[in-house]
Amino acid sequence: MSRIESDFLGELEVPDDCYYGVQTLRGKENFHITEMPMSQEPYFVIAFGYVKKAAALANKELGTIPADVADALVWACDQLIEGKYRDQFVTDWLQGGAGTSTNMNTNEVICNLAAEKLGTVKGDYKRVSPNDHANFGQSTNDTYPTSLHLALLLRSRVLLKAVEDLVGAFYAKAEEFKGVLKMGRTHLQDAVPMTLGQEFHGWGFTIADELKVIREAQEHLKVVNLGATAIGTCVTAHPDYPALAVKKLAELTGIDFKNSEDLIAATSDCGAYVALSSAIKSLAVKLTKVCNDIRLLASGPRCGLAEINLPQLQPGSSIMPGKVNPVIPEVTNQSCFLAIGLDTTVMLAASAGQLELNVMEPVITFALFTSMKVLTNACNALRTKCVDGITPNAERTAQMVMNSCGIVTLLKPHLGYKACSEMAHECYHTGKALHQVVVEERKLLTQEEWDKTFNLQNLIAPKFVQ
């Protein structure tokens with residue numbers, strides 16, 4: 001079963017069970033690029049529902065569309081907000097037209113839902129029209145970016161939760177490992193002692209710092225251009241519509257949205273996306289460093305550092321029996337690399353705007369949602385499948401500390417740099433332990449003085465002695 005719908009380009013046959021219409025179908029047929037429809041991002045559909053609901057409420061209050069039509073549109077938008085009819089959003093993420101196909105997809109779906117609510121049938125747009133009612137006083141150029149701002153806020157909250165949980169997991173391990181002595185390293189060479197707990201706390205802290213950066217980027221998303229219509233002059237919109245529509249959107253979502261002071265600037269500006277993408281990239285950089293560290297410390301198990309053990313999740317080789325790889329840190333690294341690359345996509349697209357519109361917003365949309373979804377999943381996997389199950393090799397790490405030449409640094413205030421350098425040099429070339437050189441051979445410290453200097457507390461939190 002199908003119905004015939006038409007626009008100024010002609011007629012198309014639309015399956016009768018579809019709530020989208022002719023303009024959506026043209027977009028679906030024209031753009032088959034990512035092979036992924038926008039329905040894969042539920043927050044984008046929900047956000048469009050909120051924006052169209054705010055528009056319908058504002059237009060009803062202003063008397064610019066019939067009250068019964070507005071009420072039916074509001075009901076239809078509520079269906080989208082509740083998560084229904086998501087499969088009707090079929091336009092590809094990447095599309096020409098700056099998102100027009102997606103905006104019309106939304107207009108047609110809510111109009112056909114409203115039509116049935118009003119007692120008519122799908123495709124009969126005389127009573128409720130996608131362009132004349134659902135899109136009244138609007139343009140793709142203000143509804144698409146406003147919906148995107150809202151959807152990015154909703155999606156970034158999910159990312160923040162995943163990052164917060166990951167930070168919490170690192171802090172929990174920091175407490176668990178606070179008594180595990182190990183060697184710190186700089187330049188991949190022995191430095192001075194620390195605890196494994198201090199190292200895990202450092203990882204948690206450096207990632208936690210990115211929470212603030214993401215939250216700061218979220219603030220930019222709260223400034224929108226709803227009611228700007230085509231280029232920011234508010235053409236076709238009631239004079240009171242922009243302020244009223246954004247007020248309704250803020251009330252509906254509980255987010256303090258406000259319109260830009262310059263709607264022409266806001267219609268072409270992509271600075272909010274650049275800020276968010278940069279924050280995501282910064283998180284990805286930090287996660288990459290931490291996962292590199294985890295992989296180094298877990299290297300082995302016999303011939304590497306082997307300071308920590310990661311959960312064993314799967315066989316690591318098709319040829320080497322018994323081999324297990326650090327697959328979760330590896331996949332997290334790859335997720336980070338993708339996010340970093342997609343930041344370049346956002347940067348290029350944001351800089352490609354021309355005059356009163358940036359038509360590259362669809363690829364910005366795809367890049368940002370992909371980055372956030374991938375990093376969210378990576379953070380959750382890193383926490384549940386790796387960090388939570390890490391165990392230490394405490395005896396090995398303690399032995400490595402006491403066998404290191406680096407601990408001579410603790411003697412520098414007592415014996416001086418020159419003497420300590422000579423002893424470190426001797427230990428390095430002879431393989432002797434520092435204790436043997438300092439206490440047994442050179443007798444520079446008694447055993448009691450050695451024990452006082454090289455106890456756990458002084459090794460991990462050395463006190464300055466003048």
# chains A, B, ... in the order shown; residues from 1 in each chain; ligands from 1
$ closest_atom_pairs --of "stretch 302-346 of chain A" --to "stretch 275-297 of chain A" --cutoff "10 Å" --atoms "only C-alpha atoms" --output "CSV"
residue,atom,partner,partner_atom,distance
A:Gly304,CA,A:Leu296,CA,8.0
A:Leu305,CA,A:Leu297,CA,5.5
A:Ala306,CA,A:Leu297,CA,5.8
A:Glu307,CA,A:Leu297,CA,5.3
A:Ile308,CA,A:Leu297,CA,5.9
A:Asn309,CA,A:Leu297,CA,8.4
A:Leu310,CA,A:Ile294,CA,8.7
A:Asn325,CA,A:Arg295,CA,9.2
A:Pro326,CA,A:Arg295,CA,6.5
A:Val327,CA,A:Arg295,CA,9.4
A:Ile328,CA,A:Cys291,CA,8.8
A:Pro329,CA,A:Cys291,CA,5.1
A:Glu330,CA,A:Cys291,CA,7.4
A:Val331,CA,A:Cys291,CA,9.5
A:Thr332,CA,A:Cys291,CA,7.2
A:Asn333,CA,A:Thr288,CA,5.3
A:Gln334,CA,A:Thr288,CA,8.6
A:Ser335,CA,A:Ala284,CA,8.0
A:Cys336,CA,A:Ala284,CA,4.6
A:Phe337,CA,A:Ala284,CA,7.3
A:Leu338,CA,A:Ala284,CA,8.9
A:Ala339,CA,A:Lys281,CA,6.1
A:Ile340,CA,A:Lys281,CA,5.1
A:Gly341,CA,A:Lys281,CA,8.6
A:Leu342,CA,A:Ser277,CA,8.2
A:Asp343,CA,A:Ser277,CA,5.5
A:Thr344,CA,A:Ser277,CA,8.9
A:Thr345,CA,A:Ser277,CA,9.5
A:Val346,CA,A:Ser277,CA,7.0
$ closest_atom_pairs --of "stretch 346-389 of chain A" --to "stretch 89-110 of chain A" --cutoff "7 Å" --atoms "only C-alpha atoms" --output "tab-separated table"
residue	atom	partner	partner_atom	distance
A:Val359	CA	A:Ala98	CA	4.3
A:Met360	CA	A:Ala98	CA	6.1
A:Glu361	CA	A:Ala98	CA	6.0
A:Pro362	CA	A:Leu94	CA	5.5
A:Val363	CA	A:Leu94	CA	5.7
A:Phe366	CA	A:Trp93	CA	5.9
$ select_by_dssp --residues "stretch 196-388 of chain A" --states "strand (DSSP E)" --output "list in words"
Val223, Val224, Lys258, Asn259, Ile308 and Asn309 of chain A
$ select_by_dssp --residues "stretch 83-240 of chain A" --states "helix (DSSP H, G or I)" --output "VMD selection string"
chain A and resid 86 to 88 100 to 117 130 to 134 140 to 176 196 to 221
$ residues_around --residues "A:Gly63" --least-positions-apart "5" --cutoff "12 Å" --atoms "only C-alpha atoms" --output "JSON, numbers by chain"
{"A": [55, 56, 57, 58, 68, 69, 70, 133, 136, 137, 237, 238, 240, 241]}
$ write_last_selection --atoms "C-alpha atoms" --output "PDB file, in the first residue's frame"
ATOM      1  CA  ALA A  55       7.512  26.517  18.077  1.00  0.00           C
ATOM      2  CA  ALA A  56       3.944  25.191  18.049  1.00  0.00           C
ATOM      3  CA  LEU A  57       3.234  26.542  21.536  1.00  0.00           C
ATOM      4  CA  ALA A  58       4.630  29.958  20.628  1.00  0.00           C
ATOM      5  CA  ASP A  68      -6.409  22.898  17.209  1.00  0.00           C
ATOM      6  CA  VAL A  69      -3.573  22.380  14.730  1.00  0.00           C
ATOM      7  CA  ALA A  70      -1.043  23.622  17.263  1.00  0.00           C
ATOM      8  CA  HIS A 133       2.100  24.877  10.162  1.00  0.00           C
ATOM      9  CA  PHE A 136       5.648  28.325  10.493  1.00  0.00           C
ATOM     10  CA  GLY A 137       8.016  31.172  11.361  1.00  0.00           C
ATOM     11  CA  ALA A 237       8.242  35.014  11.908  1.00  0.00           C
ATOM     12  CA  HIS A 238       5.938  37.035  14.164  1.00  0.00           C
ATOM     13  CA  ASP A 240       7.406  38.302  19.226  1.00  0.00           C
ATOM     14  CA  TYR A 241       8.096  34.753  18.093  1.00  0.00           C
TER      15      TYR A 241
END
$ closest_residue --among "A:Ala169, A:Ile65, A:Val22, A:Leu154" --to "A:Leu382" --atoms "only C-alpha atoms"
A:Ala169
$ residues_around --residues "stretch 79-81 of chain A" --least-positions-apart "3" --cutoff "9 Å" --atoms "only C-alpha atoms" --output "PyMOL selection string"
chain A and resi 43+45-50+74-76+84-86+110+113
$ write_last_selection --atoms "C-alpha atoms" --output "mmCIF file, in the first residue's frame"
data_model
loop_
_atom_site.group_PDB
_atom_site.id
_atom_site.type_symbol
_atom_site.label_atom_id
_atom_site.label_comp_id
_atom_site.auth_asym_id
_atom_site.auth_seq_id
_atom_site.Cartn_x
_atom_site.Cartn_y
_atom_site.Cartn_z
ATOM 1 C CA TYR A 43 18.737 12.595 21.469
ATOM 2 C CA VAL A 45 15.074 13.129 17.451
ATOM 3 C CA ILE A 46 14.047 14.059 20.986
ATOM 4 C CA ALA A 47 15.638 17.494 20.602
ATOM 5 C CA PHE A 48 13.744 18.147 17.370
ATOM 6 C CA GLY A 49 10.573 17.179 19.191
ATOM 7 C CA TYR A 50 11.260 19.781 21.862
ATOM 8 C CA VAL A 74 2.251 19.503 20.344
ATOM 9 C CA TRP A 75 0.791 16.029 20.870
ATOM 10 C CA ALA A 76 2.828 14.696 17.958
ATOM 11 C CA LYS A 84 8.173 6.812 19.715
ATOM 12 C CA TYR A 85 8.316 6.736 15.894
ATOM 13 C CA ARG A 86 12.096 6.970 15.858
ATOM 14 C CA ILE A 110 4.741 15.371 13.224
ATOM 15 C CA LEU A 113 0.836 12.185 13.305
#
$ residues_around --residues "A:Lys258" --least-positions-apart "4" --cutoff "7 Å" --atoms "only C-alpha atoms" --output "mmCIF file with C-alpha atoms, in the first residue's frame"
data_model
loop_
_atom_site.group_PDB
_atom_site.id
_atom_site.type_symbol
_atom_site.label_atom_id
_atom_site.label_comp_id
_atom_site.auth_asym_id
_atom_site.auth_seq_id
_atom_site.Cartn_x
_atom_site.Cartn_y
_atom_site.Cartn_z
ATOM 1 C CA LYS A 222 22.828 27.336 25.487
ATOM 2 C CA VAL A 223 22.974 30.285 23.101
ATOM 3 C CA VAL A 224 20.812 29.566 20.034
ATOM 4 C CA VAL A 246 13.176 30.289 23.072
#
$ closest_atom_pairs --of "stretch 187-220 of chain A" --to "stretch 173-182 of chain A" --cutoff "10 Å" --atoms "only C-alpha atoms" --output "tab-separated table"
residue	atom	partner	partner_atom	distance
A:Val192	CA	A:Lys182	CA	8.9
A:Pro193	CA	A:Lys182	CA	5.8
A:Met194	CA	A:Lys182	CA	5.6
A:Thr195	CA	A:Leu181	CA	4.5
A:Leu196	CA	A:Val180	CA	5.5
A:Gly197	CA	A:Ala174	CA	3.8
A:Gln198	CA	A:Ala174	CA	6.2
A:Glu199	CA	A:Ala174	CA	7.4
A:Phe200	CA	A:Ala174	CA	5.0
A:His201	CA	A:Ala174	CA	5.1
A:Gly202	CA	A:Ala174	CA	8.6
A:Trp203	CA	A:Ala174	CA	9.3
A:Gly204	CA	A:Ala174	CA	8.6
$ residues_around --residues "A:Val14" --least-positions-apart "5" --cutoff "7 Å" --atoms "only C-alpha atoms" --output "JSON, numbers by chain"
{"A": [2, 3, 4, 5, 21, 22]}
$ write_last_selection --atoms "N, CA and C atoms" --output "PDB file, in the first residue's frame"
ATOM      1  N   SER A   2       0.483   2.226  -0.779  1.00  0.00           N
ATOM      2  CA  SER A   2       1.255   3.465  -0.860  1.00  0.00           C
ATOM      3  C   SER A   2       0.321   4.626  -1.149  1.00  0.00           C
ATOM      4  N   ARG A   3       0.851   5.817  -1.021  1.00  0.00           N
ATOM      5  CA  ARG A   3       0.126   7.031  -1.332  1.00  0.00           C
ATOM      6  C   ARG A   3       0.996   7.898  -2.235  1.00  0.00           C
ATOM      7  N   ILE A   4       0.390   8.777  -2.962  1.00  0.00           N
ATOM      8  CA  ILE A   4       1.114   9.680  -3.839  1.00  0.00           C
ATOM      9  C   ILE A   4       1.197  11.043  -3.161  1.00  0.00           C
ATOM     10  N   GLU A   5       2.410  11.535  -2.996  1.00  0.00           N
ATOM     11  CA  GLU A   5       2.605  12.888  -2.481  1.00  0.00           C
ATOM     12  C   GLU A   5       3.366  13.696  -3.518  1.00  0.00           C
ATOM     13  N   GLY A  21       7.181  12.032   4.483  1.00  0.00           N
ATOM     14  CA  GLY A  21       6.528  12.311   3.219  1.00  0.00           C
ATOM     15  C   GLY A  21       7.493  12.486   2.068  1.00  0.00           C
ATOM     16  N   VAL A  22       7.052  13.238   1.075  1.00  0.00           N
ATOM     17  CA  VAL A  22       7.759  13.337  -0.193  1.00  0.00           C
ATOM     18  C   VAL A  22       9.130  13.984  -0.052  1.00  0.00           C
TER      19      VAL A  22
END
$ decode --residues "stretch 234-264 of chain A" --atoms "N, CA and C atoms" --output "short mmCIF file (atom, residue, chain, number, x, y, z; two decimals), in the first residue's frame"
data_model
loop_
_atom_site.label_atom_id
_atom_site.label_comp_id
_atom_site.auth_asym_id
_atom_site.auth_seq_id
_atom_site.Cartn_x
_atom_site.Cartn_y
_atom_site.Cartn_z
N CYS A 234 14.77 37.11 10.78
CA CYS A 234 13.48 36.68 11.31
C CYS A 234 12.34 36.80 10.29
N VAL A 235 12.69 36.77 9.01
CA VAL A 235 11.67 36.86 7.97
C VAL A 235 10.64 35.74 8.12
N THR A 236 9.36 36.05 7.98
CA THR A 236 8.16 35.19 8.10
C THR A 236 7.77 34.92 9.55
N ALA A 237 8.58 35.28 10.51
CA ALA A 237 8.24 35.01 11.91
C ALA A 237 7.54 36.22 12.52
N HIS A 238 6.58 35.97 13.39
CA HIS A 238 5.94 37.04 14.16
C HIS A 238 7.01 37.77 14.95
N PRO A 239 6.91 39.09 15.09
CA PRO A 239 7.95 39.85 15.81
C PRO A 239 8.24 39.34 17.22
N ASP A 240 7.22 38.79 17.86
CA ASP A 240 7.41 38.30 19.23
C ASP A 240 7.81 36.83 19.28
N TYR A 241 7.86 36.19 18.11
CA TYR A 241 8.10 34.75 18.09
C TYR A 241 9.48 34.35 18.62
N PRO A 242 10.58 34.96 18.17
CA PRO A 242 11.89 34.47 18.64
C PRO A 242 12.02 34.43 20.16
N ALA A 243 11.65 35.51 20.82
CA ALA A 243 11.77 35.55 22.28
C ALA A 243 10.83 34.55 22.94
N LEU A 244 9.61 34.43 22.41
CA LEU A 244 8.64 33.53 23.01
C LEU A 244 9.03 32.07 22.78
N ALA A 245 9.47 31.75 21.57
CA ALA A 245 9.83 30.37 21.25
C ALA A 245 11.00 29.89 22.11
N VAL A 246 12.02 30.72 22.27
CA VAL A 246 13.18 30.29 23.07
C VAL A 246 12.80 30.20 24.55
N LYS A 247 11.86 31.05 24.98
CA LYS A 247 11.36 30.96 26.35
C LYS A 247 10.63 29.63 26.56
N LYS A 248 9.80 29.25 25.59
CA LYS A 248 9.09 27.98 25.68
C LYS A 248 10.07 26.81 25.71
N LEU A 249 11.10 26.88 24.87
CA LEU A 249 12.09 25.80 24.83
C LEU A 249 12.80 25.66 26.17
N ALA A 250 13.15 26.78 26.78
CA ALA A 250 13.81 26.74 28.08
C ALA A 250 12.89 26.12 29.14
N GLU A 251 11.61 26.49 29.09
CA GLU A 251 10.65 25.95 30.06
C GLU A 251 10.45 24.44 29.86
N LEU A 252 10.39 24.02 28.62
CA LEU A 252 10.15 22.60 28.33
C LEU A 252 11.32 21.72 28.74
N THR A 253 12.53 22.22 28.55
CA THR A 253 13.73 21.40 28.77
C THR A 253 14.37 21.62 30.12
N GLY A 254 14.05 22.72 30.77
CA GLY A 254 14.74 23.04 32.03
C GLY A 254 16.15 23.54 31.82
N ILE A 255 16.50 23.87 30.59
CA ILE A 255 17.83 24.39 30.25
C ILE A 255 17.69 25.87 29.92
N ASP A 256 18.55 26.69 30.45
CA ASP A 256 18.39 28.14 30.29
C ASP A 256 18.87 28.62 28.91
N PHE A 257 18.14 28.18 27.88
CA PHE A 257 18.43 28.64 26.53
C PHE A 257 18.11 30.13 26.40
N LYS A 258 18.91 30.78 25.58
CA LYS A 258 18.60 32.17 25.22
C LYS A 258 19.09 32.41 23.80
N ASN A 259 18.42 33.33 23.13
CA ASN A 259 18.83 33.67 21.78
C ASN A 259 20.04 34.58 21.78
N SER A 260 20.84 34.44 20.76
CA SER A 260 22.00 35.31 20.61
C SER A 260 21.56 36.77 20.45
N GLU A 261 22.40 37.67 20.88
CA GLU A 261 22.11 39.10 20.69
C GLU A 261 22.19 39.49 19.22
N ASP A 262 22.87 38.69 18.42
CA ASP A 262 22.99 38.95 16.98
C ASP A 262 22.62 37.67 16.26
N LEU A 263 21.37 37.59 15.80
CA LEU A 263 20.89 36.37 15.17
C LEU A 263 21.52 36.11 13.81
N ILE A 264 21.93 37.18 13.12
CA ILE A 264 22.61 36.98 11.85
C ILE A 264 23.97 36.31 12.09
#
